[in-house]
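S.K.: Structure supplied as target-v4.txt; contents: compact mmCIF, C-alpha atoms.
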# COMPACT_ATOMS: atom_id res chain seq x y z
CA SER A 1 172.17 -190.72 102.30
CA VAL A 2 169.29 -192.05 104.39
CA SER A 3 170.51 -195.62 103.90
CA GLU A 4 173.85 -194.74 105.52
CA TYR A 5 172.15 -193.26 108.60
CA PRO A 6 168.81 -195.09 109.06
CA LEU A 7 168.58 -193.96 112.68
CA GLY A 8 169.45 -190.35 111.84
CA ILE A 9 172.65 -188.45 112.41
CA GLY A 10 171.87 -187.33 115.95
CA ALA A 11 170.28 -184.20 117.36
CA GLY A 12 172.35 -181.09 116.88
CA VAL A 13 174.68 -182.65 114.30
CA SER A 14 174.96 -180.64 111.12
CA LEU A 15 174.47 -182.29 107.77
CA SER A 16 177.90 -181.08 106.68
CA ALA A 17 179.47 -183.19 109.45
CA VAL A 18 178.35 -186.43 107.79
CA SER A 19 178.27 -185.50 104.11
CA ASP A 20 179.77 -183.10 101.64
CA VAL A 21 176.52 -181.09 101.61
CA GLY A 22 177.34 -177.75 103.24
CA LEU A 23 174.07 -177.39 105.16
CA ARG A 24 173.82 -177.04 108.94
CA SER A 25 170.03 -177.07 108.82
CA VAL A 26 167.37 -178.02 106.28
CA HIS A 27 165.24 -175.02 107.34
CA ASN A 28 162.20 -177.19 107.99
CA ALA A 29 161.65 -178.61 111.47
CA TYR A 30 159.92 -181.74 110.16
CA LEU A 31 162.74 -182.60 107.75
CA GLN A 32 165.23 -181.71 110.49
CA ASN A 33 163.56 -184.28 112.78
CA ILE A 34 163.92 -186.95 110.09
CA LEU A 35 167.54 -185.97 109.48
CA TRP A 36 168.44 -186.06 113.17
CA PHE A 37 166.37 -188.99 114.41
CA GLY A 38 165.90 -191.16 111.32
CA ALA A 39 162.78 -191.77 109.27
CA VAL A 40 160.70 -193.66 111.84
CA LEU A 41 161.41 -191.55 114.94
CA GLY A 42 161.47 -188.33 112.90
CA VAL A 43 158.00 -189.02 111.50
CA ILE A 44 156.68 -189.98 114.95
CA LEU A 45 158.06 -186.78 116.49
CA SER A 46 156.71 -184.68 113.63
CA LEU A 47 153.26 -186.28 113.97
CA ALA A 48 153.29 -185.58 117.70
CA MET A 49 154.06 -181.94 116.93
CA VAL A 50 151.22 -181.78 114.40
CA LEU A 51 148.75 -183.41 116.81
CA LEU A 52 149.51 -180.99 119.65
CA PRO A 53 147.21 -178.14 118.49
CA TYR A 54 144.47 -180.68 117.74
CA ALA A 55 144.77 -182.07 121.27
CA VAL A 56 144.53 -178.57 122.74
CA TRP A 57 141.50 -177.69 120.57
CA ARG A 58 139.79 -180.90 121.75
CA MET A 59 140.29 -180.16 125.46
CA ARG A 60 136.94 -179.91 127.19
CA VAL A 61 136.49 -176.82 129.30
CA SER A 62 133.42 -175.45 130.99
CA SER A 63 134.30 -171.81 131.61
CA GLN A 64 134.65 -168.87 129.25
CA GLY A 65 138.02 -167.89 130.76
CA ALA A 66 139.45 -171.34 130.05
CA ARG A 67 138.11 -171.17 126.49
CA TYR A 68 140.04 -167.95 125.89
CA VAL A 69 143.26 -169.48 127.18
CA LYS A 70 142.62 -172.69 125.21
CA VAL A 71 142.13 -170.77 121.97
CA ALA A 72 145.29 -168.73 122.59
CA VAL A 73 147.41 -171.84 123.24
CA ALA A 74 145.92 -173.72 120.26
CA ILE A 75 146.51 -170.78 117.90
CA SER A 76 150.07 -170.38 119.18
CA ALA A 77 150.79 -174.09 118.65
CA THR A 78 149.23 -173.95 115.16
CA LEU A 79 151.36 -170.93 114.23
CA LEU A 80 154.43 -172.81 115.46
CA LEU A 81 153.55 -175.66 113.09
CA VAL A 82 153.35 -173.25 110.16
CA ILE A 83 156.64 -171.58 111.12
CA ASN A 84 158.22 -175.06 111.30
CA LEU A 85 157.73 -175.44 107.55
CA SER A 86 160.36 -172.80 106.85
CA GLN A 87 162.32 -172.63 110.08
CA ALA A 88 164.21 -175.18 112.13
CA SER A 89 166.37 -172.88 114.24
CA TRP A 90 164.00 -173.22 117.23
CA GLU A 91 165.41 -176.74 117.49
CA GLY A 92 168.40 -175.38 119.40
CA SER A 93 168.31 -177.23 122.71
CA VAL A 94 167.72 -174.26 125.03
CA LEU A 95 165.12 -172.61 122.82
CA ARG A 96 163.35 -175.93 122.20
CA ILE A 97 163.04 -176.53 125.92
CA TRP A 98 161.55 -173.07 126.48
CA ILE A 99 159.00 -173.57 123.70
CA TYR A 100 157.89 -176.88 125.23
CA VAL A 101 157.79 -175.35 128.72
CA LEU A 102 155.64 -172.44 127.47
CA LEU A 103 153.23 -174.83 125.74
CA ALA A 104 152.99 -176.90 128.93
CA ILE A 105 152.34 -173.76 130.98
CA GLY A 106 149.63 -172.84 128.49
CA VAL A 107 147.90 -176.19 128.99
CA LEU A 108 148.17 -175.79 132.76
CA LEU A 109 146.66 -172.30 132.46
CA ILE A 110 143.72 -173.77 130.59
CA ARG A 111 143.11 -176.25 133.39
CA GLN A 112 143.60 -173.67 136.12
CA SER A 113 141.30 -171.14 134.40
CA ASP A 114 138.63 -173.79 134.06
CA LYS A 115 138.81 -174.55 137.80
CA ARG A 116 138.80 -170.89 138.77
CA TYR A 117 135.78 -169.90 136.68
CA SER A 118 133.69 -173.05 137.16
Kindly return the structure encoded in the file as structure tokens.

M.R.:
Amino acid sequence: SVSEYPLGIGAGVSLSAVSDVGLRSVHNAYLQNILWFGAVLGVILSLAMVLLPYAVWRMRVSSQGARYVKVAVAISATLLLVINLSQASWEGSVLRIWIYVLLAIGVLLIRQSDKRYS
């Protein structure tokens, strides 16, 4: 129960390791964050994930090329949020790192495109 593990069970630990529930994953990235990191940190991490596309949409750019890249990155991040509702397998450590790296590269591309076309 949540009261037994208020700080979560730890990233990568399956639910079946700490209870008699035979689940490895809850198949929802937001619930998985709460399970692994506890209610407070799980909600903070989930909110940060939800705010990412909003932050990208709000980026100010002056060139058309940067706008195209910005829209592509924002749509990709938004689709990731929707996928997270029914999928948590991207939370594997290697895959998670690559997703974050690709999002960071996308943001850098927005900035670079804006400089190039300004």

S.K.: Within 9 Å of region 108-112 of chain A, counting all atoms listed in the file, which residues show up once you throw out same-chain ones fewer than 4 positions away? Write them as a list in words, please.

M.R.: Met59, Val61, Gly65, Ala66, Arg67, Tyr68, Val69, Lys70, Val73, Leu103, Ala104, Arg116 and Tyr117 of chain A

S.K.: Choose the residue, out of A:Ser62, A:Ser86, A:Asn28, A:Asn33, that has the smallest atom-to-atom separation from Ala48 (chain A); count all atoms listed in the file.

M.R.: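 Comparing A:Ser62, A:Ser86, A:Asn28, A:Asn33 against Ala48 (chain A), the winner is A:Asn33.
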
S.K.: May I ask for the distance between CA of Ile105 (chain A) and CA of Gln64 (chain A), given in Å to one decimal place?

M.R.: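 We find that CA of Ile105 (chain A) and CA of Gln64 (chain A) lie 18.4 Å from each other.
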
S.K.: Given only C-alpha atoms as the basis, pick out the residue of A:Ser63, A:Gln32, A:Val101, A:Leu52 nearest to Leu81 (chain A).

M.R.: A:Leu52

S.K.: Just the number, please: distance in Å from CA of Ala77 (chain A) to CA of Tyr100 (chain A), one decimal.

M.R.: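 So the answer is 10.1 Å.
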
S.K.: Can you pull out the residues contacting Gln87 (chain A)? Cut-off 6 Å, using only C-alpha atoms, and skip same-chain residues under 3 positions away; I want them as a ChimeraX atom specification.

M.R.: /A:27-28,83-84

S.K.: Work out how far CA of Lys115 (chain A) is from CA of Leu80 (chain A), in Å to one decimal.

M.R.: 27.3 Å

S.K.: Report as a PyMOL selection string all protein, DNA and RNA residues lying within 10 Å of region 41-45 of chain A, evaluated on all atoms listed in the file, omitting residues in the same chain fewer than 6 positions from it.

M.R.: chain A and resi 7-8+29-35+51
